[in-house]
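final-v7.pdb (PDB, C-alpha atoms, pLDDT in the B column) appears below.
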```
MODEL        1
ATOM      1  CA  MET A 220      80.688 -16.653  27.859  1.00 59.00           C
ATOM      2  CA  VAL A 221      77.112 -17.826  28.374  1.00 68.00           C
ATOM      3  CA  LYS A 222      77.161 -21.110  30.188  1.00 59.00           C
ATOM      4  CA  ASN A 223      75.186 -24.023  28.760  1.00 55.00           C
ATOM      5  CA  CYS A 224      76.810 -26.553  31.009  1.00 40.00           C
ATOM      6  CA  SER A 225      79.100 -26.564  34.026  1.00 35.00           C
ATOM      7  CA  ARG A 226      82.764 -25.752  33.389  1.00 36.00           C
ATOM      8  CA  PHE A 227      85.404 -26.696  35.886  1.00 35.00           C
ATOM      9  CA  PRO A 228      89.076 -25.567  35.527  1.00 37.00           C
ATOM     10  CA  LEU A 229      91.554 -28.419  35.294  1.00 34.00           C
ATOM     11  CA  PHE A 230      94.861 -28.206  37.107  1.00 32.00           C
ATOM     12  CA  LYS A 231      97.662 -30.687  36.639  1.00 34.00           C
ATOM     13  CA  VAL A 232     100.462 -30.968  39.180  1.00 30.00           C
ATOM     14  CA  LEU A 233     103.661 -32.434  37.778  1.00 31.00           C
ATOM     15  CA  PHE A 234     105.889 -34.225  40.278  1.00 32.00           C
ATOM     16  CA  PHE A 235     109.539 -34.652  39.456  1.00 33.00           C
ATOM     17  CA  ILE A 236     111.313 -37.495  41.178  1.00 32.00           C
ATOM     18  CA  GLY A 237     115.067 -37.422  41.342  1.00 37.00           C
ATOM     19  CA  ILE A 238     117.438 -40.031  42.644  1.00 31.00           C
ATOM     20  CA  LEU A 239     120.484 -37.876  43.237  1.00 32.00           C
ATOM     21  CA  PHE A 240     121.331 -35.179  45.757  1.00 34.00           C
ATOM     22  CA  PHE A 241     119.188 -36.161  48.684  1.00 34.00           C
ATOM     23  CA  PHE A 242     118.699 -32.660  50.081  1.00 36.00           C
ATOM     24  CA  ALA A 243     117.900 -31.201  46.662  1.00 40.00           C
ATOM     25  CA  CYS A 244     115.283 -33.898  46.175  1.00 40.00           C
ATOM     26  CA  SER A 245     113.842 -33.273  49.618  1.00 42.00           C
ATOM     27  CA  ASN A 246     113.487 -29.570  48.876  1.00 44.00           C
ATOM     28  CA  GLU A 247     111.856 -30.295  45.529  1.00 43.00           C
ATOM     29  CA  ALA A 248     109.431 -32.735  47.122  1.00 43.00           C
ATOM     30  CA  GLU A 249     108.518 -30.136  49.738  1.00 44.00           C
ATOM     31  CA  LYS A 250     107.862 -27.538  47.051  1.00 42.00           C
ATOM     32  CA  GLN A 251     105.723 -29.971  45.074  1.00 46.00           C
ATOM     33  CA  GLU A 252     103.721 -30.909  48.165  1.00 45.00           C
ATOM     34  CA  THR A 253     102.986 -27.218  48.750  1.00 41.00           C
ATOM     35  CA  SER A 254     102.058 -26.775  45.076  1.00 45.00           C
ATOM     36  CA  ALA A 255      99.708 -29.760  45.230  1.00 45.00           C
ATOM     37  CA  SER A 256      98.069 -28.380  48.359  1.00 44.00           C
ATOM     38  CA  GLU A 257      97.567 -24.962  46.753  1.00 44.00           C
ATOM     39  CA  THR A 258      96.173 -26.559  43.586  1.00 41.00           C
ATOM     40  CA  THR A 259      93.683 -28.643  45.544  1.00 43.00           C
ATOM     41  CA  SER A 260      92.648 -25.567  47.484  1.00 43.00           C
ATOM     42  CA  THR A 261      92.154 -23.636  44.233  1.00 39.00           C
ATOM     43  CA  GLU A 262      90.053 -26.433  42.730  1.00 46.00           C
ATOM     44  CA  ASP A 263      87.892 -26.676  45.839  1.00 46.00           C
ATOM     45  CA  SER A 264      87.445 -22.897  45.884  1.00 39.00           C
ATOM     46  CA  SER A 265      86.404 -22.886  42.211  1.00 40.00           C
ATOM     47  CA  LYS A 266      83.905 -25.703  42.759  1.00 43.00           C
ATOM     48  CA  GLU A 267      82.494 -23.946  45.798  1.00 42.00           C
ATOM     49  CA  LYS A 268      82.104 -20.715  43.820  1.00 42.00           C
ATOM     50  CA  GLN A 269      80.224 -22.489  41.023  1.00 52.00           C
ATOM     51  CA  SER A 270      77.989 -24.364  43.463  1.00 55.00           C
ATOM     52  CA  ASN A 271      77.118 -21.036  45.111  1.00 71.00           C
ATOM     53  CA  GLU A 272      76.286 -19.338  41.816  1.00 91.00           C
ATOM     54  CA  ARG A 273      72.635 -18.635  41.087  1.00 97.00           C
ATOM     55  CA  VAL A 274      71.267 -19.585  37.678  1.00 98.00           C
ATOM     56  CA  ILE A 275      69.488 -17.207  35.302  1.00 98.00           C
ATOM     57  CA  LEU A 276      67.787 -19.334  32.655  1.00 98.00           C
ATOM     58  CA  PHE A 277      66.432 -17.812  29.443  1.00 98.00           C
ATOM     59  CA  PHE A 278      63.781 -20.091  27.955  1.00 98.00           C
ATOM     60  CA  GLY A 279      62.528 -19.163  24.530  1.00 98.00           C
ATOM     61  CA  ASN A 280      62.629 -19.535  20.757  1.00 98.00           C
ATOM     62  CA  SER A 281      65.032 -18.310  18.076  1.00 98.00           C
ATOM     63  CA  LEU A 282      65.032 -14.829  19.600  1.00 98.00           C
ATOM     64  CA  THR A 283      66.664 -16.296  22.692  1.00 98.00           C
ATOM     65  CA  ALA A 284      68.737 -18.858  20.812  1.00 98.00           C
ATOM     66  CA  GLY A 285      70.430 -16.049  18.866  1.00 98.00           C
ATOM     67  CA  TYR A 286      69.423 -17.111  15.369  1.00 98.00           C
ATOM     68  CA  GLY A 287      71.862 -15.887  12.717  1.00 97.00           C
ATOM     69  CA  LEU A 288      74.288 -14.396  15.230  1.00 98.00           C
ATOM     70  CA  GLU A 289      77.691 -15.211  16.637  1.00 98.00           C
ATOM     71  CA  GLU A 290      77.560 -16.232  20.283  1.00 96.00           C
ATOM     72  CA  ASP A 291      79.283 -13.050  21.449  1.00 97.00           C
ATOM     73  CA  GLU A 292      76.616 -10.956  19.659  1.00 98.00           C
ATOM     74  CA  THR A 293      73.615 -12.445  21.489  1.00 98.00           C
ATOM     75  CA  PHE A 294      71.776 -10.663  24.280  1.00 98.00           C
ATOM     76  CA  THR A 295      72.477 -13.557  26.645  1.00 98.00           C
ATOM     77  CA  HIS A 296      76.210 -13.077  26.117  1.00 98.00           C
ATOM     78  CA  ILE A 297      75.895  -9.314  26.595  1.00 98.00           C
ATOM     79  CA  ILE A 298      74.009  -9.814  29.861  1.00 98.00           C
ATOM     80  CA  ASP A 299      76.446 -12.489  31.009  1.00 98.00           C
ATOM     81  CA  GLU A 300      79.388 -10.132  30.441  1.00 98.00           C
ATOM     82  CA  ARG A 301      77.650  -7.320  32.319  1.00 98.00           C
ATOM     83  CA  ILE A 302      76.968  -9.613  35.259  1.00 98.00           C
ATOM     84  CA  ASP A 303      80.615 -10.675  35.286  1.00 97.00           C
ATOM     85  CA  SER A 304      81.730  -7.029  35.175  1.00 97.00           C
ATOM     86  CA  PHE A 305      79.754  -6.414  38.363  1.00 96.00           C
ATOM     87  CA  ASN A 306      81.224  -9.575  39.879  1.00 96.00           C
ATOM     88  CA  LEU A 307      77.758 -10.911  40.652  1.00 97.00           C
ATOM     89  CA  PRO A 308      77.339 -14.605  41.551  1.00 97.00           C
ATOM     90  CA  TYR A 309      75.141 -15.594  38.610  1.00 98.00           C
ATOM     91  CA  THR A 310      75.454 -18.014  35.722  1.00 96.00           C
ATOM     92  CA  VAL A 311      73.504 -17.298  32.517  1.00 98.00           C
ATOM     93  CA  VAL A 312      72.013 -20.307  30.719  1.00 98.00           C
ATOM     94  CA  ASN A 313      70.633 -19.966  27.188  1.00 98.00           C
ATOM     95  CA  ALA A 314      67.810 -22.475  26.669  1.00 98.00           C
ATOM     96  CA  GLY A 315      66.478 -21.007  23.438  1.00 98.00           C
ATOM     97  CA  LEU A 316      65.319 -23.248  20.597  1.00 98.00           C
ATOM     98  CA  SER A 317      64.575 -21.943  17.114  1.00 97.00           C
ATOM     99  CA  GLY A 318      61.016 -22.495  15.954  1.00 97.00           C
ATOM    100  CA  GLU A 319      59.703 -23.144  19.456  1.00 98.00           C
ATOM    101  CA  THR A 320      56.003 -22.580  20.086  1.00 98.00           C
ATOM    102  CA  THR A 321      54.402 -22.450  23.519  1.00 98.00           C
ATOM    103  CA  ALA A 322      53.259 -26.056  23.024  1.00 98.00           C
ATOM    104  CA  GLY A 323      56.803 -27.099  22.192  1.00 98.00           C
ATOM    105  CA  GLY A 324      58.091 -25.221  25.214  1.00 98.00           C
ATOM    106  CA  LEU A 325      55.618 -26.996  27.476  1.00 98.00           C
ATOM    107  CA  GLY A 326      56.849 -30.321  26.161  1.00 98.00           C
ATOM    108  CA  ARG A 327      60.510 -29.367  26.630  1.00 98.00           C
ATOM    109  CA  ILE A 328      60.430 -27.633  29.997  1.00 98.00           C
ATOM    110  CA  ASP A 329      60.754 -30.752  32.170  1.00 98.00           C
ATOM    111  CA  TRP A 330      64.111 -31.562  30.588  1.00 97.00           C
ATOM    112  CA  VAL A 331      65.343 -28.000  31.084  1.00 97.00           C
ATOM    113  CA  LEU A 332      64.305 -28.016  34.744  1.00 97.00           C
ATOM    114  CA  GLN A 333      66.679 -30.847  35.579  1.00 95.00           C
ATOM    115  CA  GLN A 334      69.097 -28.103  36.601  1.00 94.00           C
ATOM    116  CA  GLN A 335      68.810 -25.485  39.310  1.00 93.00           C
ATOM    117  CA  VAL A 336      66.977 -22.321  38.254  1.00 98.00           C
ATOM    118  CA  ASP A 337      66.895 -19.174  40.397  1.00 98.00           C
ATOM    119  CA  ILE A 338      65.677 -16.620  37.838  1.00 98.00           C
ATOM    120  CA  PHE A 339      63.525 -17.870  34.972  1.00 98.00           C
ATOM    121  CA  VAL A 340      63.026 -15.599  31.949  1.00 98.00           C
ATOM    122  CA  LEU A 341      60.205 -16.790  29.694  1.00 98.00           C
ATOM    123  CA  GLU A 342      60.311 -15.628  26.066  1.00 98.00           C
ATOM    124  CA  LEU A 343      57.712 -17.576  24.088  1.00 98.00           C
ATOM    125  CA  GLY A 344      54.594 -16.812  22.090  1.00 98.00           C
ATOM    126  CA  ALA A 345      55.865 -15.034  18.992  1.00 97.00           C
ATOM    127  CA  ASN A 346      55.700 -18.177  16.856  1.00 98.00           C
ATOM    128  CA  ASP A 347      52.165 -18.859  18.071  1.00 98.00           C
ATOM    129  CA  ALA A 348      51.109 -15.425  16.808  1.00 97.00           C
ATOM    130  CA  LEU A 349      52.856 -15.893  13.468  1.00 96.00           C
ATOM    131  CA  ARG A 350      50.950 -19.150  13.010  1.00 96.00           C
ATOM    132  CA  GLY A 351      47.644 -17.752  14.225  1.00 96.00           C
ATOM    133  CA  ILE A 352      47.379 -20.343  16.984  1.00 97.00           C
ATOM    134  CA  ASP A 353      44.306 -20.131  19.187  1.00 97.00           C
ATOM    135  CA  LEU A 354      45.108 -17.726  22.013  1.00 97.00           C
ATOM    136  CA  LYS A 355      43.452 -19.893  24.640  1.00 98.00           C
ATOM    137  CA  SER A 356      46.021 -22.592  23.852  1.00 98.00           C
ATOM    138  CA  THR A 357      48.865 -20.088  23.984  1.00 98.00           C
ATOM    139  CA  ARG A 358      47.765 -18.853  27.395  1.00 98.00           C
ATOM    140  CA  GLU A 359      47.291 -22.359  28.799  1.00 98.00           C
ATOM    141  CA  ASN A 360      50.662 -23.522  27.487  1.00 98.00           C
ATOM    142  CA  LEU A 361      52.454 -20.580  29.079  1.00 98.00           C
ATOM    143  CA  LYS A 362      50.615 -21.203  32.357  1.00 98.00           C
ATOM    144  CA  GLY A 363      51.641 -24.852  32.172  1.00 98.00           C
ATOM    145  CA  ILE A 364      55.292 -23.871  31.751  1.00 98.00           C
ATOM    146  CA  LEU A 365      55.173 -21.451  34.674  1.00 98.00           C
ATOM    147  CA  ASP A 366      53.415 -23.985  36.904  1.00 98.00           C
ATOM    148  CA  LYS A 367      56.141 -26.526  36.226  1.00 98.00           C
ATOM    149  CA  VAL A 368      58.850 -23.954  36.917  1.00 98.00           C
ATOM    150  CA  LYS A 369      57.274 -22.972  40.233  1.00 97.00           C
ATOM    151  CA  LYS A 370      56.774 -26.595  41.260  1.00 97.00           C
ATOM    152  CA  ALA A 371      60.398 -27.485  40.539  1.00 97.00           C
ATOM    153  CA  ASN A 372      61.775 -24.271  42.086  1.00 95.00           C
ATOM    154  CA  PRO A 373      59.299 -22.794  44.611  1.00 96.00           C
ATOM    155  CA  ASP A 374      61.535 -19.799  45.349  1.00 96.00           C
ATOM    156  CA  VAL A 375      62.264 -18.984  41.708  1.00 98.00           C
ATOM    157  CA  ASP A 376      61.956 -15.418  40.424  1.00 98.00           C
ATOM    158  CA  ILE A 377      60.111 -15.189  37.120  1.00 98.00           C
ATOM    159  CA  ILE A 378      60.379 -12.605  34.361  1.00 98.00           C
ATOM    160  CA  ILE A 379      58.000 -12.689  31.402  1.00 98.00           C
ATOM    161  CA  ALA A 380      58.937 -11.181  28.055  1.00 98.00           C
ATOM    162  CA  GLY A 381      55.933  -9.481  26.501  1.00 98.00           C
ATOM    163  CA  MET A 382      55.420  -9.815  22.747  1.00 98.00           C
ATOM    164  CA  LEU A 383      53.127  -8.294  20.112  1.00 97.00           C
ATOM    165  CA  ALA A 384      51.216 -10.091  17.382  1.00 96.00           C
ATOM    166  CA  PRO A 385      51.450  -8.946  13.737  1.00 94.00           C
ATOM    167  CA  PRO A 386      48.786  -6.302  12.974  1.00 94.00           C
ATOM    168  CA  ASN A 387      47.430  -8.376  10.098  1.00 94.00           C
ATOM    169  CA  MET A 388      45.956 -10.745  12.703  1.00 95.00           C
ATOM    170  CA  GLY A 389      43.315  -8.142  13.517  1.00 96.00           C
ATOM    171  CA  LYS A 390      42.765  -5.886  16.505  1.00 96.00           C
ATOM    172  CA  GLU A 391      40.868  -8.395  18.623  1.00 97.00           C
ATOM    173  CA  TYR A 392      43.608 -10.990  18.254  1.00 97.00           C
ATOM    174  CA  THR A 393      46.494  -8.562  18.788  1.00 97.00           C
ATOM    175  CA  ASP A 394      44.890  -6.971  21.854  1.00 97.00           C
ATOM    176  CA  GLU A 395      44.190 -10.319  23.498  1.00 98.00           C
ATOM    177  CA  PHE A 396      47.638 -11.630  22.620  1.00 98.00           C
ATOM    178  CA  LYS A 397      49.311  -8.621  24.244  1.00 98.00           C
ATOM    179  CA  SER A 398      47.231  -9.016  27.403  1.00 98.00           C
ATOM    180  CA  ILE A 399      48.353 -12.618  27.912  1.00 98.00           C
ATOM    181  CA  PHE A 400      51.791 -11.562  29.142  1.00 98.00           C
ATOM    182  CA  SER A 401      50.674  -8.817  31.506  1.00 98.00           C
ATOM    183  CA  ASP A 402      47.938 -11.078  32.892  1.00 98.00           C
ATOM    184  CA  LEU A 403      50.408 -13.883  33.597  1.00 98.00           C
ATOM    185  CA  ALA A 404      52.884 -11.466  35.164  1.00 98.00           C
ATOM    186  CA  LYS A 405      50.200 -10.410  37.650  1.00 98.00           C
ATOM    187  CA  GLU A 406      49.029 -13.961  38.304  1.00 98.00           C
ATOM    188  CA  TYR A 407      52.531 -15.287  38.995  1.00 98.00           C
ATOM    189  CA  ASN A 408      53.880 -12.139  40.645  1.00 98.00           C
ATOM    190  CA  ALA A 409      56.478 -11.968  37.898  1.00 98.00           C
ATOM    191  CA  GLY A 410      58.525  -9.197  36.392  1.00 98.00           C
ATOM    192  CA  LEU A 411      57.316  -8.013  32.989  1.00 98.00           C
ATOM    193  CA  ILE A 412      59.263  -6.782  29.996  1.00 98.00           C
ATOM    194  CA  PRO A 413      56.387  -4.897  28.282  1.00 98.00           C
ATOM    195  CA  PHE A 414      57.685  -5.528  24.757  1.00 98.00           C
ATOM    196  CA  PHE A 415      60.745  -7.698  24.318  1.00 98.00           C
ATOM    197  CA  LEU A 416      61.634  -6.169  20.939  1.00 98.00           C
ATOM    198  CA  ASP A 417      60.957  -2.548  21.876  1.00 98.00           C
ATOM    199  CA  GLY A 418      63.183  -0.305  19.753  1.00 98.00           C
ATOM    200  CA  VAL A 419      64.006  -3.233  17.453  1.00 98.00           C
ATOM    201  CA  GLY A 420      60.819  -4.721  16.001  1.00 96.00           C
ATOM    202  CA  GLY A 421      59.911  -3.224  12.640  1.00 95.00           C
ATOM    203  CA  ILE A 422      63.135  -1.200  12.387  1.00 97.00           C
ATOM    204  CA  PRO A 423      65.110  -2.500   9.362  1.00 97.00           C
ATOM    205  CA  GLU A 424      68.542  -1.374  10.547  1.00 98.00           C
ATOM    206  CA  MET A 425      68.090  -3.285  13.813  1.00 98.00           C
ATOM    207  CA  ASN A 426      67.174  -6.578  12.171  1.00 98.00           C
ATOM    208  CA  GLN A 427      68.679  -9.203   9.944  1.00 98.00           C
ATOM    209  CA  ASP A 428      67.620  -9.525   6.317  1.00 97.00           C
ATOM    210  CA  ASP A 429      64.557 -11.566   7.287  1.00 96.00           C
ATOM    211  CA  GLY A 430      63.175  -8.533   9.106  1.00 95.00           C
ATOM    212  CA  ILE A 431      62.287 -10.687  12.115  1.00 95.00           C
ATOM    213  CA  HIS A 432      65.446 -11.522  14.022  1.00 98.00           C
ATOM    214  CA  PRO A 433      67.580  -8.784  15.591  1.00 98.00           C
ATOM    215  CA  ASN A 434      71.073  -8.200  14.268  1.00 98.00           C
ATOM    216  CA  ALA A 435      74.035  -7.444  16.531  1.00 98.00           C
ATOM    217  CA  ALA A 436      72.943  -3.831  17.006  1.00 98.00           C
ATOM    218  CA  GLY A 437      69.413  -4.936  17.772  1.00 98.00           C
ATOM    219  CA  GLU A 438      70.620  -7.440  20.339  1.00 98.00           C
ATOM    220  CA  LYS A 439      72.230  -4.653  22.331  1.00 98.00           C
ATOM    221  CA  ILE A 440      68.867  -2.926  22.591  1.00 98.00           C
ATOM    222  CA  VAL A 441      67.123  -6.180  23.525  1.00 98.00           C
ATOM    223  CA  ALA A 442      69.717  -6.685  26.257  1.00 98.00           C
ATOM    224  CA  GLU A 443      68.869  -3.252  27.649  1.00 98.00           C
ATOM    225  CA  ASN A 444      65.139  -4.040  27.558  1.00 98.00           C
ATOM    226  CA  ILE A 445      65.827  -7.133  29.635  1.00 98.00           C
ATOM    227  CA  TRP A 446      68.340  -5.517  31.973  1.00 98.00           C
ATOM    228  CA  VAL A 447      65.912  -2.812  33.100  1.00 98.00           C
ATOM    229  CA  VAL A 448      63.776  -5.563  34.651  1.00 98.00           C
ATOM    230  CA  LEU A 449      66.417  -8.171  35.435  1.00 98.00           C
ATOM    231  CA  GLU A 450      68.640  -5.899  37.537  1.00 97.00           C
ATOM    232  CA  GLU A 451      65.880  -5.610  40.134  1.00 97.00           C
ATOM    233  CA  TYR A 452      66.316  -9.311  40.887  1.00 97.00           C
ATOM    234  CA  LEU A 453      70.108  -9.396  41.129  1.00 95.00           C
TER     235      LEU A 453
ENDMDL
END
```
Is it possible to express this structure as structure tokens?
Amino acid sequence: MVKNCSRFPLFKVLFFIGILFFFACSNEAEKQETSASETTSTEDSSKEKQSNERVILFFGNSLTAGYGLEEDETFTHIIDERIDSFNLPYTVVNAGLSGETTAGGLGRIDWVLQQQVDIFVLELGANDALRGIDLKSTRENLKGILDKVKKANPDVDIIIAGMLAPPNMGKEYTDEFKSIFSDLAKEYNAGLIPFFLDGVGGIPEMNQDDGIHPNAAGEKIVAENIWVVLEEYL
């Protein structure tokens, strides 16, 4: 399961106290003392494992949040399960928010960065394009987010999800919009997913009824688009 907060296993040790049969009670007490010791050791081991886990944080809009999907259908869940299958020491955090623009992301990022982040995957910009927001603002907002991420986590690895603007915005707009992501990837020495929705965008059978958000089948393809780049950092 994708982790949105820390989860620690709870263990309860039940101690039975008898008043009869002294030796029987002594043996029971000895067994319970051993059980308590093993439980404490297990708890400490679990806490140590979680504290040693590296965090992969996906920061984006409804595409990251998994709009219209069950949790186990989202690409973050798919990636989390794959990481677990390889027994890799990573925790996946889904910080997607439906409707998020780059300006909204810039305003929200400080709160998100209160936790440790080792790999930061930035998926924002699509809503800017749909609203025809000035591309200079989009670029500056994304730079602002990345600057804050680097300041909070100097050793962080960054992956940028490239997006495409709708063709009705005109060639000049769509070309410049596309270049934003590759330019930022070079500037911040980040990994680049050329087109986040490659193999999904514009394909009816891979999307929900709105034609914008991937369905469960589409999410599997999105997960593969991400994994091709992400696995280099694991």
Separation of CA of Leu453 in chain A from CA of Gly344 in chain A in Å: 25.7 Å
Spatial neighbours of Pro423 in chain A, max dist 12 Å, all atoms listed in the file, sep filter under 5 positions, as a list in words: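 So, after excluding close chain neighbours, the residues are Gly418, Asp428, Asp429, Gly430, Ile431, His432, Pro433, Asn434, Ala436 and Gly437 of chain A.
With the shown file loaded, the PyMOL selection byres ((chain A and resi 451) around 12) picks out Ile338, Asp376, Ile377, Ile378, Ala409, Gly410, Leu411, Ile445, Trp446, Val447, Val448, Leu449, Glu450, Tyr452 and Leu453 of chain A.
Every residue within 10 Å of the file position (66.3, -20.6, 22.1), judged by all atoms listed in the file, is given as Phe277, Phe278, Gly279, Asn280, Ser281, Leu282, Thr283, Ala284, Gly285, Tyr286, Asn313, Ala314, Gly315, Leu316, Ser317, Gly318, Glu319, Gly324, Glu342 and Leu343 of chain A.
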Using 10 Å as the limit and counting all atoms listed in the file, can you tabulate each residue of range 254-366 of chain A that touches range 383-403 of chain A, with its shortest atom-to-atom distance in Å and the two atoms involved, as a tab-separated table?
```
residue	atom	partner	partner_atom	distance
A:Leu341	CA	A:Phe400	CA	9.9
A:Glu342	CA	A:Phe400	CA	9.9
A:Leu343	CA	A:Phe400	CA	9.8
A:Gly344	CA	A:Phe396	CA	8.7
A:Ala345	CA	A:Ala384	CA	7.0
A:Asn346	CA	A:Ala384	CA	9.3
A:Asp347	CA	A:Ala384	CA	8.8
A:Ala348	CA	A:Ala384	CA	5.4
A:Leu349	CA	A:Pro385	CA	7.1
A:Arg350	CA	A:Met388	CA	9.8
A:Gly351	CA	A:Met388	CA	7.4
A:Asp353	CA	A:Tyr392	CA	9.2
A:Leu354	CA	A:Phe396	CA	6.6
A:Lys355	CA	A:Ile399	CA	9.4
A:Thr357	CA	A:Ile399	CA	8.5
A:Arg358	CA	A:Ile399	CA	6.3
A:Glu359	CA	A:Ile399	CA	9.8
A:Leu361	CA	A:Leu403	CA	8.3
A:Lys362	CA	A:Leu403	CA	7.4
A:Leu365	CA	A:Leu403	CA	9.0
```
Phe414 in chain A surroundings by only C-alpha atoms, 8 Å radius, close-in-sequence under 5 positions cut, as a ChimeraX atom specification: /A:380-383
Which residue of A:Val274, A:Gln333, A:Gly287, A:Asp417 approaches Asp299 in chain A most closely, using all atoms listed in the file: A:Val274
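For the pair CA of Ile298 in chain A and CA of Asn372 in chain A, the separation is 22.5 Å.
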CA of Val441 in chain A to CA of Ile422 in chain A, straight-line distance in Å: 12.8 Å
For this structure, which residues satisfy the selection - the PyMOL selection byres ((chain A and resi 292) around 10) - when it is evaluated on the file as given? I want them as a PDB file with C-alpha atoms, in the frame of the given file.
```
ATOM      1  CA  GLY A 285      70.430 -16.049  18.866  1.00 98.00           C
ATOM      2  CA  GLY A 287      71.862 -15.887  12.717  1.00 97.00           C
ATOM      3  CA  LEU A 288      74.288 -14.396  15.230  1.00 98.00           C
ATOM      4  CA  GLU A 289      77.691 -15.211  16.637  1.00 98.00           C
ATOM      5  CA  GLU A 290      77.560 -16.232  20.283  1.00 96.00           C
ATOM      6  CA  ASP A 291      79.283 -13.050  21.449  1.00 97.00           C
ATOM      7  CA  THR A 293      73.615 -12.445  21.489  1.00 98.00           C
ATOM      8  CA  PHE A 294      71.776 -10.663  24.280  1.00 98.00           C
ATOM      9  CA  THR A 295      72.477 -13.557  26.645  1.00 98.00           C
ATOM     10  CA  HIS A 296      76.210 -13.077  26.117  1.00 98.00           C
ATOM     11  CA  ILE A 297      75.895  -9.314  26.595  1.00 98.00           C
ATOM     12  CA  ASN A 434      71.073  -8.200  14.268  1.00 98.00           C
ATOM     13  CA  ALA A 435      74.035  -7.444  16.531  1.00 98.00           C
ATOM     14  CA  ALA A 436      72.943  -3.831  17.006  1.00 98.00           C
ATOM     15  CA  GLY A 437      69.413  -4.936  17.772  1.00 98.00           C
ATOM     16  CA  GLU A 438      70.620  -7.440  20.339  1.00 98.00           C
ATOM     17  CA  LYS A 439      72.230  -4.653  22.331  1.00 98.00           C
TER      18      LYS A 439
END
```
Using only C-alpha atoms: which of A:Pro373, A:Asp329, A:Ile379, A:Leu276 has the shortest distance to Ala404 in chain A: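 The answer is A:Ile379, which sits nearest to Ala404 in chain A.
Considering only C-alpha atoms, the residue among A:Thr310, A:Asn271, A:Gln335, A:Ser356 positioned nearest to Ala371 in chain A is A:Gln335.
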From A:Arg327, A:Asp337, A:Lys405, A:Asp366, residue lying nearest Glu272 in chain A [only C-alpha atoms]: A:Asp337
Save range 276-316 of chain A to disk from that block, C-alpha atoms included, as a CSV table (one decimal), in the first residue's frame.
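Written out: selection20.csv:
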```
chain,number,residue,atom,x,y,z
A,276,LEU,CA,7.5,11.4,-3.1
A,277,PHE,CA,5.2,12.0,-6.0
A,278,PHE,CA,4.1,15.6,-6.1
A,279,GLY,CA,1.4,16.5,-8.6
A,280,ASN,CA,-2.3,17.0,-9.5
A,281,SER,CA,-5.2,14.6,-10.1
A,282,LEU,CA,-3.0,12.5,-12.3
A,283,THR,CA,-0.9,11.7,-9.3
A,284,ALA,CA,-3.8,11.7,-6.8
A,285,GLY,CA,-5.5,8.9,-8.8
A,286,TYR,CA,-8.7,10.7,-9.6
A,287,GLY,CA,-11.6,8.3,-10.2
A,288,LEU,CA,-9.6,5.2,-9.3
A,289,GLU,CA,-9.4,2.8,-6.4
A,290,GLU,CA,-6.2,3.1,-4.4
A,291,ASP,CA,-4.9,-0.3,-5.7
A,292,GLU,CA,-5.4,0.9,-9.3
A,293,THR,CA,-3.2,3.9,-9.1
A,294,PHE,CA,0.3,4.1,-10.6
A,295,THR,CA,1.8,4.9,-7.1
A,296,HIS,CA,0.3,1.7,-5.7
A,297,ILE,CA,1.7,-0.3,-8.7
A,298,ILE,CA,5.1,1.2,-8.2
A,299,ASP,CA,5.0,0.6,-4.5
A,300,GLU,CA,4.1,-3.0,-5.0
A,301,ARG,CA,7.0,-3.5,-7.5
A,302,ILE,CA,9.4,-1.9,-5.1
A,303,ASP,CA,8.2,-4.2,-2.3
A,304,SER,CA,8.6,-7.2,-4.6
A,305,PHE,CA,12.2,-6.4,-5.1
A,306,ASN,CA,12.6,-5.9,-1.4
A,307,LEU,CA,14.0,-2.4,-1.9
A,308,PRO,CA,14.2,0.0,1.1
A,309,TYR,CA,11.8,2.7,-0.2
A,310,THR,CA,8.5,4.1,0.9
A,311,VAL,CA,6.2,5.7,-1.7
A,312,VAL,CA,4.3,8.8,-0.7
A,313,ASN,CA,1.5,10.1,-2.9
A,314,ALA,CA,1.2,13.9,-2.6
A,315,GLY,CA,-1.1,14.5,-5.5
A,316,LEU,CA,-3.9,17.0,-5.2
```
